[in-house]
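The next block is upload.cif, given as mmCIF, C-alpha atoms and all ligand atoms.
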data_structure
loop_
_atom_site.label_atom_id
_atom_site.label_comp_id
_atom_site.auth_asym_id
_atom_site.auth_seq_id
_atom_site.Cartn_x
_atom_site.Cartn_y
_atom_site.Cartn_z
CA MET M 6 126.68 146.61 -138.43
CA ILE M 7 129.74 144.38 -138.67
CA SER M 8 133.14 145.84 -137.83
CA GLU M 9 135.74 146.33 -140.55
CA ARG M 10 138.00 144.06 -138.50
CA VAL M 11 135.63 141.12 -138.69
CA LYS M 12 134.80 141.82 -142.34
CA LYS M 13 138.44 141.10 -143.15
CA VAL M 14 138.21 137.45 -142.12
CA GLN M 15 136.43 134.54 -143.75
CA GLU M 16 134.15 132.05 -142.09
CA SER M 17 136.07 128.95 -140.86
CA GLY M 18 136.36 126.65 -143.90
CA THR M 19 136.41 123.51 -141.73
CA MET M 20 133.43 124.47 -139.60
CA LYS M 21 131.50 125.57 -142.70
CA MET M 22 131.86 122.16 -144.37
CA LYS M 23 131.12 120.31 -141.13
CA GLU M 24 127.92 122.30 -140.69
CA LEU M 25 126.91 121.84 -144.34
CA ALA M 26 127.45 118.07 -144.08
CA GLY M 27 125.30 118.04 -140.93
CA GLN M 28 122.55 119.97 -142.69
CA LYS M 29 122.56 117.55 -145.65
CA LYS M 30 122.35 114.61 -143.23
CA LYS M 31 119.31 116.21 -141.62
CA GLU M 32 117.75 116.48 -145.08
CA GLY M 33 118.11 112.69 -145.33
CA LYS M 34 121.32 112.46 -147.41
CA LYS M 35 123.64 109.60 -146.41
CA ILE M 36 126.75 111.79 -146.21
CA ILE M 37 130.07 110.32 -145.10
CA SER M 38 131.91 113.17 -143.46
CA PHE M 39 135.66 113.58 -143.68
CA THR M 40 135.42 117.26 -142.74
CA VAL M 41 136.25 118.31 -139.24
CA GLY M 42 139.26 116.95 -137.39
CA GLU M 43 137.39 115.24 -134.60
CA PRO M 44 138.24 111.80 -133.17
CA ASP M 45 135.16 109.56 -133.35
CA PHE M 46 136.05 107.85 -130.04
CA ASP M 47 134.17 108.57 -126.85
CA THR M 48 136.10 110.45 -124.19
CA PRO M 49 137.67 107.75 -121.96
CA LYS M 50 135.40 106.78 -119.04
CA HIS M 51 137.74 107.79 -116.20
CA ILE M 52 137.88 111.35 -117.58
CA VAL M 53 134.10 111.61 -117.85
CA GLU M 54 133.67 110.19 -114.34
CA ALA M 55 136.10 112.75 -112.89
CA ALA M 56 134.15 115.62 -114.43
CA LYS M 57 130.84 114.14 -113.21
CA LYS M 58 132.27 113.82 -109.70
CA ALA M 59 133.43 117.44 -109.83
CA LEU M 60 129.87 118.48 -110.67
CA ASP M 61 128.48 116.34 -107.83
CA ASP M 62 131.06 117.81 -105.46
CA GLY M 63 129.97 121.33 -106.34
CA LYS M 64 133.11 122.33 -108.25
CA THR M 65 131.04 124.78 -110.20
CA ARG M 66 132.40 128.12 -109.04
CA TYR M 67 134.98 130.56 -110.33
CA LEU M 68 138.61 129.54 -110.48
CA ASP M 69 141.58 131.87 -110.90
CA ALA M 70 142.04 132.84 -114.54
CA PRO M 71 145.06 130.58 -115.30
CA GLY M 72 143.16 127.48 -114.21
CA LEU M 73 143.03 124.72 -111.62
CA PRO M 74 146.40 124.65 -109.77
CA GLU M 75 146.65 120.81 -109.78
CA LEU M 76 145.99 120.75 -113.51
CA ARG M 77 148.62 123.41 -114.18
CA GLU M 78 151.08 121.31 -112.15
CA ALA M 79 150.25 118.17 -114.12
CA ILE M 80 150.66 120.00 -117.44
CA ALA M 81 154.00 121.47 -116.37
CA LYS M 82 155.17 117.99 -115.30
CA GLN M 83 154.28 116.52 -118.69
CA ALA M 84 155.86 119.47 -120.51
CA LYS M 85 159.10 118.90 -118.62
CA GLU M 86 159.15 115.12 -118.95
CA TYR M 87 157.68 114.56 -122.43
CA ASN M 88 158.53 117.79 -124.22
CA GLY M 89 161.72 118.75 -122.38
CA ILE M 90 160.39 122.28 -121.76
CA PRO M 91 162.01 123.70 -118.58
CA CYS M 92 158.81 125.32 -117.31
CA GLU M 93 156.98 125.70 -113.99
CA SER M 94 153.27 125.49 -113.30
CA SER M 95 153.28 129.30 -113.15
CA ASN M 96 154.02 129.30 -116.89
CA VAL M 97 150.89 127.25 -117.63
CA LEU M 98 147.51 128.73 -118.48
CA VAL M 99 144.50 126.48 -119.08
CA THR M 100 142.15 127.64 -121.81
CA PRO M 101 140.48 126.19 -124.92
CA THR M 102 143.21 125.52 -127.49
CA LYS M 103 141.83 127.86 -130.12
CA GLN M 104 141.41 130.54 -127.46
CA ALA M 105 145.08 129.98 -126.51
CA ILE M 106 146.10 130.89 -130.05
CA PHE M 107 143.81 133.91 -130.11
CA GLU M 108 144.98 135.15 -126.70
CA THR M 109 148.65 134.70 -127.56
CA VAL M 110 148.36 136.66 -130.78
CA MET M 111 146.23 139.36 -129.11
CA ALA M 112 148.80 139.71 -126.34
CA THR M 113 151.88 139.92 -128.55
CA VAL M 114 151.19 141.20 -132.06
CA ASN M 115 150.90 144.95 -132.69
CA GLU M 116 149.13 146.67 -135.56
CA GLY M 117 151.04 146.03 -138.79
CA GLU M 118 153.45 143.46 -137.34
CA GLU M 119 154.09 140.34 -139.36
CA VAL M 120 153.55 136.72 -138.39
CA ILE M 121 155.26 134.10 -140.53
CA MET M 122 153.10 130.98 -140.73
CA PRO M 123 152.99 127.85 -142.87
CA ASP M 124 150.91 127.81 -146.04
CA PRO M 125 148.94 125.55 -146.20
CA ALA M 126 148.00 125.95 -142.54
CA TRP M 127 144.98 125.50 -140.34
CA VAL M 128 142.20 127.90 -141.24
CA THR M 129 142.21 129.82 -137.95
CA TYR M 130 145.78 131.12 -137.71
CA GLU M 131 145.46 133.89 -140.26
CA PRO M 132 142.12 135.20 -138.89
CA CYS M 133 143.63 135.39 -135.38
CA VAL M 134 146.47 137.53 -136.72
CA VAL M 135 144.17 139.71 -138.83
CA LEU M 136 141.76 140.28 -135.92
CA ALA M 137 144.72 141.44 -133.82
CA GLY M 138 145.66 143.94 -136.56
CA GLY M 139 148.73 142.01 -137.69
CA LYS M 140 149.69 140.66 -141.08
CA ALA M 141 149.98 136.97 -141.90
CA VAL M 142 153.02 136.16 -144.03
CA PRO M 143 152.67 132.77 -145.73
CA CYS M 144 155.69 130.48 -145.69
CA VAL M 145 154.88 128.28 -148.65
CA THR M 146 155.69 124.67 -147.90
CA LYS M 147 156.20 122.05 -150.58
CA GLU M 148 155.08 118.52 -151.08
CA GLU M 149 158.63 117.50 -152.03
CA ASP M 150 159.81 118.71 -148.57
CA GLN M 151 156.96 116.70 -146.97
CA TRP M 152 155.28 120.09 -146.38
CA ARG M 153 157.85 120.93 -143.66
CA VAL M 154 158.59 124.52 -142.66
CA THR M 155 162.33 124.84 -143.24
CA PRO M 156 164.65 127.41 -141.63
CA GLU M 157 165.78 128.45 -145.12
CA ALA M 158 162.23 129.33 -146.16
CA VAL M 159 161.55 131.21 -142.90
CA ALA M 160 164.82 133.17 -143.18
CA GLU M 161 163.78 134.59 -146.55
CA LEU M 162 160.59 136.03 -145.07
CA ILE M 163 162.00 137.86 -142.06
CA THR M 164 161.71 141.66 -142.29
CA PRO M 165 162.03 144.46 -139.71
CA LYS M 166 158.28 144.08 -139.15
CA THR M 167 158.38 140.38 -138.29
CA LYS M 168 157.15 139.73 -134.75
CA MET M 169 156.35 136.06 -134.66
CA ILE M 170 156.96 132.70 -136.27
CA LEU M 171 153.98 130.37 -135.98
CA LEU M 172 154.66 126.64 -136.14
CA ASN M 173 152.36 123.63 -136.16
CA SER M 174 154.02 120.23 -136.04
CA PRO M 175 152.50 117.69 -136.65
CA SER M 176 150.51 119.88 -138.98
CA ASN M 177 146.95 120.43 -140.00
CA PRO M 178 146.15 119.96 -142.93
CA CYS M 179 149.28 118.20 -144.27
CA GLY M 180 150.37 115.92 -141.43
CA ALA M 181 153.87 117.39 -141.77
CA VAL M 182 156.39 116.84 -138.98
CA GLU M 183 159.37 119.16 -138.68
CA THR M 184 162.72 117.49 -138.04
CA HIS M 185 164.95 118.35 -135.10
CA ALA M 186 167.25 120.18 -137.51
CA ASP M 187 164.30 122.28 -138.74
CA ILE M 188 163.32 123.14 -135.18
CA LYS M 189 166.88 124.04 -134.18
CA GLY M 190 167.34 126.19 -137.30
CA ILE M 191 164.09 128.06 -136.68
CA ALA M 192 165.01 128.53 -133.00
CA ASP M 193 168.30 130.14 -134.06
CA LEU M 194 166.45 132.50 -136.39
CA ALA M 195 164.02 133.48 -133.63
CA LYS M 196 166.91 134.25 -131.28
CA ASP M 197 168.97 136.10 -133.90
CA HIS M 198 166.02 138.32 -134.88
CA ASN M 199 164.40 138.62 -131.44
CA LEU M 200 161.13 137.00 -132.50
CA VAL M 201 158.32 135.38 -130.56
CA VAL M 202 157.40 131.79 -131.51
CA LEU M 203 153.91 130.39 -131.24
CA SER M 204 154.14 126.62 -131.46
CA ASP M 205 150.80 124.86 -131.82
CA GLU M 206 151.53 121.26 -130.81
CA VAL M 207 147.98 120.01 -130.45
CA TYR M 208 148.79 116.86 -132.52
CA GLU M 209 152.01 116.16 -130.55
CA LYS M 210 150.91 112.65 -129.55
CA ILE M 211 149.50 111.68 -132.95
CA ILE M 212 152.75 110.96 -134.72
CA PHE M 213 153.66 107.81 -136.65
CA ASP M 214 156.50 105.64 -137.93
CA GLY M 215 158.47 105.97 -134.70
CA LEU M 216 159.11 109.69 -135.30
CA LYS M 217 159.83 111.89 -132.32
CA HIS M 218 158.03 115.14 -131.59
CA TYR M 219 160.31 118.13 -130.95
CA SER M 220 159.12 121.16 -129.00
CA ILE M 221 160.92 124.36 -129.94
CA ALA M 222 160.60 125.65 -126.35
CA ALA M 223 162.93 122.82 -125.30
CA GLU M 224 165.80 124.33 -127.31
CA PRO M 225 168.31 126.37 -125.27
CA GLY M 226 166.95 129.83 -124.40
CA MET M 227 163.70 129.29 -126.29
CA LEU M 228 161.27 129.14 -123.36
CA ASP M 229 161.90 132.89 -122.97
CA ARG M 230 160.34 133.64 -126.36
CA THR M 231 158.02 130.73 -127.09
CA VAL M 232 154.37 130.11 -126.35
CA THR M 233 153.73 126.37 -126.63
CA ILE M 234 150.11 125.43 -127.15
CA SER M 235 148.46 122.04 -126.88
CA GLY M 236 145.15 120.56 -125.85
CA PHE M 237 142.93 117.70 -124.82
CA SER M 238 140.64 117.55 -127.88
CA LYS M 239 142.72 115.40 -130.19
CA THR M 240 144.82 113.38 -127.72
CA PHE M 241 141.96 112.37 -125.42
CA ALA M 242 138.95 112.67 -127.78
CA MET M 243 137.65 115.67 -125.85
CA THR M 244 136.67 118.06 -128.65
CA GLY M 245 133.43 119.25 -127.05
CA TRP M 246 135.12 119.97 -123.73
CA ARG M 247 136.92 122.97 -125.27
CA LEU M 248 140.03 122.58 -123.21
CA GLY M 249 143.72 123.04 -123.84
CA TRP M 250 146.67 124.95 -122.45
CA LEU M 251 149.55 127.23 -123.20
CA ILE M 252 153.01 127.52 -121.69
CA ALA M 253 154.47 131.02 -121.85
CA PRO M 254 157.43 132.91 -120.41
CA LYS M 255 156.43 135.17 -117.49
CA PRO M 256 156.19 138.56 -119.28
CA ILE M 257 154.09 137.11 -122.12
CA PHE M 258 152.08 135.04 -119.64
CA LYS M 259 151.03 138.24 -117.83
CA GLY M 260 149.76 139.77 -121.07
CA ILE M 261 147.93 136.62 -122.10
CA ASN M 262 146.35 136.29 -118.65
CA LYS M 263 144.88 139.77 -119.06
CA VAL M 264 143.21 138.71 -122.29
CA GLN M 265 141.94 135.59 -120.55
CA GLN M 266 140.57 137.59 -117.59
CA HIS M 267 138.79 139.98 -119.89
CA SER M 268 137.38 137.38 -122.27
CA ILE M 269 136.47 134.00 -120.76
CA THR M 270 137.72 134.55 -117.14
CA HIS M 271 138.86 130.92 -117.04
CA ALA M 272 138.10 127.61 -118.70
CA THR M 273 135.06 125.68 -117.39
CA SER M 274 135.76 124.60 -113.80
CA PHE M 275 134.38 121.03 -113.72
CA ALA M 276 135.80 120.27 -117.16
CA GLN M 277 139.25 120.97 -115.72
CA TYR M 278 138.78 118.12 -113.22
CA GLY M 279 138.16 115.80 -116.16
CA ALA M 280 141.30 117.15 -117.80
CA LEU M 281 143.23 116.49 -114.59
CA ALA M 282 142.15 112.85 -114.76
CA ALA M 283 143.25 112.79 -118.41
CA MET M 284 146.73 114.03 -117.50
CA THR M 285 147.27 111.97 -114.38
CA GLY M 286 145.30 108.80 -115.22
CA PRO M 287 146.20 105.80 -117.39
CA GLN M 288 147.64 106.68 -120.80
CA ASP M 289 146.95 103.38 -122.56
CA CYS M 290 143.76 104.90 -124.01
CA VAL M 291 145.94 107.41 -125.87
CA ALA M 292 148.23 104.68 -127.19
CA GLN M 293 145.19 102.71 -128.40
CA MET M 294 143.69 105.68 -130.21
CA VAL M 295 147.00 106.61 -131.84
CA LYS M 296 147.44 102.98 -132.97
CA GLU M 297 143.98 103.09 -134.53
CA PHE M 298 144.76 106.41 -136.27
CA GLY M 299 147.92 104.83 -137.67
CA GLU M 300 145.92 101.91 -139.08
CA ARG M 301 143.37 104.30 -140.57
CA ARG M 302 146.14 106.31 -142.18
CA ASP M 303 147.55 103.17 -143.77
CA LEU M 304 144.09 102.15 -144.96
CA ILE M 305 143.27 105.51 -146.52
CA MET M 306 146.67 105.69 -148.21
CA LYS M 307 146.13 102.21 -149.66
CA LEU M 308 142.69 103.16 -150.97
CA MET M 309 144.00 106.46 -152.33
CA LYS M 310 146.37 104.56 -154.63
CA ASP M 311 143.29 103.22 -156.46
CA ILE M 312 142.12 106.74 -157.31
CA PRO M 313 144.27 107.87 -160.23
CA SER M 314 143.39 111.56 -159.98
CA PHE M 315 144.70 111.78 -156.38
CA LYS M 316 148.40 112.21 -155.61
CA CYS M 317 149.49 112.19 -152.00
CA ASP M 318 152.53 111.32 -149.92
CA THR M 319 152.02 109.50 -146.64
CA PRO M 320 151.50 112.03 -143.81
CA LYS M 321 153.62 111.52 -140.69
CA GLY M 322 151.26 112.85 -138.06
CA ALA M 323 147.81 114.27 -137.16
CA PHE M 324 144.82 112.62 -138.88
CA TYR M 325 144.51 114.27 -142.26
CA VAL M 326 145.55 113.43 -145.79
CA PHE M 327 145.93 116.28 -148.24
CA PRO M 328 145.87 114.89 -151.78
CA ARG M 329 146.45 116.96 -154.90
CA TYR M 330 143.79 116.27 -157.50
CA GLU M 331 143.75 116.57 -161.24
CA GLY M 332 141.08 118.72 -162.81
CA LYS M 333 140.02 122.27 -163.48
CA MET M 334 137.59 122.86 -160.64
CA GLY M 335 138.67 125.07 -157.72
CA SER M 336 138.94 123.15 -154.47
CA GLU M 337 135.91 124.66 -152.75
CA GLU M 338 133.72 124.04 -155.79
CA PHE M 339 135.17 120.55 -156.06
CA ALA M 340 134.38 119.80 -152.40
CA LEU M 341 130.78 120.94 -152.95
CA TYR M 342 130.59 118.82 -156.09
CA LEU M 343 131.77 115.74 -154.17
CA MET M 344 129.25 116.40 -151.41
CA ASP M 345 126.52 116.45 -154.06
CA LYS M 346 127.63 113.67 -156.37
CA ALA M 347 129.44 111.27 -154.05
CA GLU M 348 127.77 112.21 -150.76
CA VAL M 349 131.23 112.54 -149.28
CA ALA M 350 132.13 115.70 -147.38
CA VAL M 351 135.73 116.96 -147.46
CA THR M 352 137.28 120.41 -147.10
CA GLY M 353 138.64 122.24 -150.15
CA GLY M 354 142.37 122.87 -149.80
CA ALA M 355 142.14 126.60 -150.57
CA ALA M 356 140.57 127.10 -147.12
CA PHE M 357 144.09 126.43 -145.76
CA GLY M 358 145.85 129.06 -147.83
CA ARG M 359 146.76 129.81 -151.42
CA SER M 360 149.07 126.85 -151.84
CA GLY M 361 146.31 124.54 -150.64
CA GLU M 362 144.39 125.14 -153.87
CA GLN M 363 144.11 122.04 -156.08
CA HIS M 364 144.09 119.87 -152.95
CA LEU M 365 141.44 118.39 -150.67
CA ARG M 366 141.72 117.80 -146.96
CA ILE M 367 140.33 114.45 -145.89
CA SER M 368 140.07 113.90 -142.13
CA TYR M 369 140.40 110.20 -141.35
CA ALA M 370 139.46 110.55 -137.69
CA THR M 371 136.45 108.38 -138.50
CA ASN M 372 135.97 104.60 -138.45
CA LYS M 373 137.44 102.20 -140.99
CA LYS M 374 134.06 101.34 -142.52
CA ASN M 375 133.43 105.02 -143.26
CA ILE M 376 136.93 105.32 -144.71
CA GLN M 377 136.40 102.26 -146.90
CA ASP M 378 132.93 103.34 -148.10
CA GLY M 379 133.81 107.01 -148.49
CA MET M 380 136.91 106.31 -150.57
CA GLU M 381 134.91 103.87 -152.70
CA ARG M 382 132.33 106.61 -153.37
CA LEU M 383 135.08 109.09 -154.24
CA LYS M 384 136.65 106.58 -156.60
CA LYS M 385 133.33 106.02 -158.40
CA ALA M 386 132.52 109.72 -158.63
CA LEU M 387 135.97 110.58 -159.95
CA ALA M 388 135.94 107.78 -162.49
N1 LIG M 401 141.03 121.74 -135.87
C1 LIG M 401 139.95 120.96 -136.41
C2 LIG M 401 139.92 121.00 -137.91
O1 LIG M 401 140.77 121.60 -138.52
C3 LIG M 401 138.67 121.38 -135.75
C4 LIG M 401 137.80 122.36 -136.42
C5 LIG M 401 138.19 123.76 -136.21
O2 LIG M 401 138.10 124.22 -135.10
O3 LIG M 401 138.63 124.36 -137.19
O4 LIG M 401 139.08 120.38 -138.49
#

Render the structure in this file as C-alpha cells.
Ligand code: GLU
Amino acid sequence: MISERVKKVQESGTMKMKELAGQKKKEGKKIISFTVGEPDFDTPKHIVEAAKKALDDGKTRYLDAPGLPELREAIAKQAKEYNGIPCESSNVLVTPTKQAIFETVMATVNEGEEVIMPDPAWVTYEPCVVLAGGKAVPCVTKEEDQWRVTPEAVAELITPKTKMILLNSPSNPCGAVETHADIKGIADLAKDHNLVVLSDEVYEKIIFDGLKHYSIAAEPGMLDRTVTISGFSKTFAMTGWRLGWLIAPKPIFKGINKVQQHSITHATSFAQYGALAAMTGPQDCVAQMVKEFGERRDLIMKLMKDIPSFKCDTPKGAFYVFPRYEGKMGSEEFALYLMDKAEVAVTGGAAFGRSGEQHLRISYATNKKNIQDGMERLKKALA
C-alpha cells in the first residue's frame, strides 16, 4: 500500500537509533545515548512563560500561513543584524525547521533535477530531494579539508540538470564550518550557473574557537536565489516545539507558502509567542549553552584520544564528533554492537551518506557525566 515514492527513502537513521535506545532503556538497560542531536537543557524559563501566557490569553486560533507578524519582524531583524542578509519580514516564513527544508525542495526542485549536497550530510536532505522527484548528488567532503564543502568540489558536479546547491554550515554530522572564501566561491558558482541555494544554518550560533558564521544570502545578489533556513531547536533548546524559519526571495517565498498552506497551514500559534520571547528576550542563555557545548566538545575530544581505534579532528561547530574507527564491521552493525556490548547508543556514519561509512556520529549534547561515562564504556568495549 506504500507509494513508490516513499519506498525510495530510508527510515531516518538518527530517529531510528534514538527510538531503539529509548526502547532498550524501557527494557531496563542503562543506555547512555549519544544519538539524537538534542540539547539536554530545559527551554529557558522566559520562553516557556511567554508560550503559557499565550495559551492563557487565548492565542490558540489560526494565524496567516507565514506566521506571527511580530515574530517574522524579529527574525528579519536578526537576519539583517547578525547574518547580514538584506531581507524584510515579508521574506520570512515561520515553520518547523525540517518542514522548511521539505517545503523549499518541494517548491523548487522538478522531477529529475539535481541537488548538490555534502556527503556526509544530515540524514534528511536526500529523502527530501527524492520525495520531490529530484536527484541528490553527493559532494564528497574530506577529513583533511575539515569536511568543508569547497567551491572546487561543487564546480566539478554542476551539470545542465543542477537546480540547487544545499549547504549546512556548521554541519551535521561533521561539525564542519565553511570559510568565507568557500561561501564566496560557492555564491559565484550559483550566480554563474543560475542555481538556487538552500542554506541550512540551524547550528549558526553553535560555533567555536572564535570562528565567524557566514550566511551565503549575505553575499551580493545572493538573497535573490537563496533560501536560508534556521530554527529554535538547537539555539534555544526547543526541540519539541518544532519551530524554525526560512528566509526566501519573493518568487520562491510564494511557492513555499503554497506548500505551507496545503500542508501544515502554519506553525503552532502559541509556540510562536514563545519563539518571539526567544528572539527578543535576553540572549545570555544562548551564550551559556554554547559555552557548555564548547567545554563538552573539549572533554569528548580529550577522552577520544584515549581510544586508539578512534581518529577524529576537532569539530568547529554544532555538537557532534564524527570519528573514523578501525575495524571490519559496517557502521550500522558497529553501532548496534556498541549498544549491546557497551550500552552506549551512537549513530552509524553510513546513515549520513556513503562517505560516512567507517565512522560513528556521537552527539555530545548531553551532560559531562554522561560523556565521561559513555566514553569510558566505549574505551572498555573497544579494548
Ligand atoms: N537533527 C537532529 C539529529 O541529526 C535531530 C534528529 C532528526 O530530526 O534527524 O540528530

Neighbours of ligand LIG 401 (chain M) within 8 Å, counting all atoms listed in the file, as a PyMOL selection string?
-> chain M and resi 17-20+40-43+103+127-129+177-178+368

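Residue nearest Glu108 (chain M) within the list M:Ile170, M:Val326, M:Val264, M:Ile234: M:Val264 [criterion: smallest interatomic distance, all atoms listed in the file].
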
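For the residues M:Val110, M:Leu200, M:Leu304, M:Ala242, ranking by smallest atom-to-atom distance to Met227 (chain M) using all atoms listed in the file places M:Leu200 first.
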
Nearest to Phe258 (chain M) among M:Ser314, M:Gln363, M:Thr233, M:Ser238, with distances taken over only C-alpha atoms: which residue is it?
-> M:Thr233

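Minimum atom-to-atom distance to Glu209 (chain M), evaluated using all atoms listed in the file, belongs to M:Asn88 out of M:Gln293, M:Asn88, M:Gln151, M:Thr146.
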
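Distance annotation: of M:Ser95, M:Ser360, M:Ser174, M:Ser268, the residue with the minimal separation from Pro320 (chain M) is M:Ser174; atom set is only C-alpha atoms.
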
Residues near region 130-134 of chain M, cut-off 7 Å, all atoms listed in the file, skip fewer than 4 positions along chain, as a ChimeraX atom specification | /M:14,107,110,138-141

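For region 235-237 of chain M, the non-local neighbours within 6 Å, defined as residues at least 3 positions apart in the same chain or in other chains and counting all atoms listed in the file, are Thr102, Glu206, Val207, Thr240, Phe241, Met243, Leu248, Gly249 and Trp250 of chain M.
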
Leaving out Lys259 (chain M) and any residue of its chain fewer than 4 positions from it, which residues lie within 12 Å of it when counting only C-alpha atoms, given as a count of residues only?
-> 18

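With distances taken over all atoms listed in the file, M:Gly279 is the one residue among M:Gly279, M:Pro101, M:Gly354, M:Gly117 lying closest to Lys64 (chain M).
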
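Pairwise distance (CA of Phe275 (chain M), CA of Tyr67 (chain M)) equals 10.1 Å.
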
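Atom to atom, CA of Gly332 (chain M) and CA of Ala386 (chain M) stand 13.1 Å apart.
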
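Coordinates place CA of Leu308 (chain M) at a distance of 12.2 Å from CA of Pro328 (chain M).
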
All residues 8 Å or closer to Ile376 (chain M), only C-alpha atoms, same chain fewer than 4 positions away omitted, as a list in words = Arg301, Leu304, Ile305, Tyr369, Thr371, Asn372 and Met380 of chain M

Could you name the residues that touch region 346-353 of chain M at 8 Å or less, counting all atoms listed in the file, but leaving out those on the same chain fewer than 3 positions away, as a compact mmCIF listing (two decimals) with C-alpha atoms, in the frame of the given file?
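Wrote it out as part-v2.txt, contents follow:
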# COMPACT_ATOMS: atom_id res chain seq x y z
CA GLY M 18 136.36 126.65 -143.90
CA THR M 19 136.41 123.51 -141.73
CA MET M 22 131.86 122.16 -144.37
CA LYS M 23 131.12 120.31 -141.13
CA ALA M 26 127.45 118.07 -144.08
CA LYS M 34 121.32 112.46 -147.41
CA LYS M 35 123.64 109.60 -146.41
CA ILE M 36 126.75 111.79 -146.21
CA ILE M 37 130.07 110.32 -145.10
CA SER M 38 131.91 113.17 -143.46
CA PHE M 39 135.66 113.58 -143.68
CA THR M 40 135.42 117.26 -142.74
CA SER M 336 138.94 123.15 -154.47
CA GLU M 337 135.91 124.66 -152.75
CA GLU M 338 133.72 124.04 -155.79
CA PHE M 339 135.17 120.55 -156.06
CA ALA M 340 134.38 119.80 -152.40
CA LEU M 341 130.78 120.94 -152.95
CA TYR M 342 130.59 118.82 -156.09
CA LEU M 343 131.77 115.74 -154.17
CA ALA M 356 140.57 127.10 -147.12
CA GLU M 362 144.39 125.14 -153.87
CA HIS M 364 144.09 119.87 -152.95
CA LEU M 365 141.44 118.39 -150.67
CA ARG M 366 141.72 117.80 -146.96
CA ILE M 367 140.33 114.45 -145.89
CA SER M 368 140.07 113.90 -142.13
CA GLY M 379 133.81 107.01 -148.49
CA ARG M 382 132.33 106.61 -153.37
CA LEU M 383 135.08 109.09 -154.24
CA LYS M 385 133.33 106.02 -158.40
CA ALA M 386 132.52 109.72 -158.63

Assuming the input is short of atoms at region 87-92 of chain M, produce all heavy atoms for that part as an mmCIF file, in the frame of the given file.
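Output (rebuild.cif):
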data_model
loop_
_atom_site.group_PDB
_atom_site.id
_atom_site.type_symbol
_atom_site.label_atom_id
_atom_site.label_comp_id
_atom_site.auth_asym_id
_atom_site.auth_seq_id
_atom_site.Cartn_x
_atom_site.Cartn_y
_atom_site.Cartn_z
ATOM 1 N N TYR M 87 157.916 115.030 -121.055
ATOM 2 C CA TYR M 87 157.680 114.560 -122.430
ATOM 3 C C TYR M 87 158.276 115.512 -123.458
ATOM 4 O O TYR M 87 158.908 115.092 -124.416
ATOM 5 C CB TYR M 87 156.172 114.374 -122.655
ATOM 6 C CG TYR M 87 155.801 114.000 -124.072
ATOM 7 C CD1 TYR M 87 155.996 112.704 -124.546
ATOM 8 C CD2 TYR M 87 155.260 114.951 -124.940
ATOM 9 C CE1 TYR M 87 155.661 112.363 -125.847
ATOM 10 C CE2 TYR M 87 154.917 114.613 -126.246
ATOM 11 C CZ TYR M 87 155.116 113.314 -126.694
ATOM 12 O OH TYR M 87 154.786 112.988 -127.984
ATOM 13 N N ASN M 88 158.082 116.822 -123.216
ATOM 14 C CA ASN M 88 158.530 117.790 -124.220
ATOM 15 C C ASN M 88 159.917 118.356 -123.939
ATOM 16 O O ASN M 88 160.500 119.001 -124.812
ATOM 17 C CB ASN M 88 157.552 118.965 -124.306
ATOM 18 C CG ASN M 88 156.116 118.518 -124.563
ATOM 19 O OD1 ASN M 88 155.431 118.117 -123.643
ATOM 20 N ND2 ASN M 88 155.664 118.574 -125.788
ATOM 21 N N GLY M 89 160.404 118.180 -122.723
ATOM 22 C CA GLY M 89 161.720 118.750 -122.380
ATOM 23 C C GLY M 89 161.685 120.256 -122.225
ATOM 24 O O GLY M 89 162.713 120.933 -122.342
ATOM 25 N N ILE M 90 160.519 120.818 -121.927
ATOM 26 C CA ILE M 90 160.390 122.280 -121.760
ATOM 27 C C ILE M 90 160.652 122.608 -120.271
ATOM 28 O O ILE M 90 159.938 122.113 -119.392
ATOM 29 C CB ILE M 90 158.977 122.771 -122.174
ATOM 30 C CG1 ILE M 90 158.711 122.408 -123.649
ATOM 31 C CG2 ILE M 90 158.834 124.275 -121.945
ATOM 32 C CD1 ILE M 90 157.299 122.710 -124.125
ATOM 33 N N PRO M 91 161.650 123.438 -119.983
ATOM 34 C CA PRO M 91 162.010 123.700 -118.580
ATOM 35 C C PRO M 91 161.079 124.711 -117.910
ATOM 36 O O PRO M 91 161.508 125.777 -117.473
ATOM 37 C CB PRO M 91 163.442 124.249 -118.704
ATOM 38 C CG PRO M 91 163.482 124.893 -120.049
ATOM 39 C CD PRO M 91 162.518 124.160 -120.931
ATOM 40 N N CYS M 92 159.806 124.352 -117.809
ATOM 41 C CA CYS M 92 158.810 125.320 -117.310
ATOM 42 C C CYS M 92 158.373 124.986 -115.888
ATOM 43 O O CYS M 92 158.691 123.921 -115.353
ATOM 44 C CB CYS M 92 157.591 125.307 -118.236
ATOM 45 S SG CYS M 92 156.760 123.716 -118.260
#
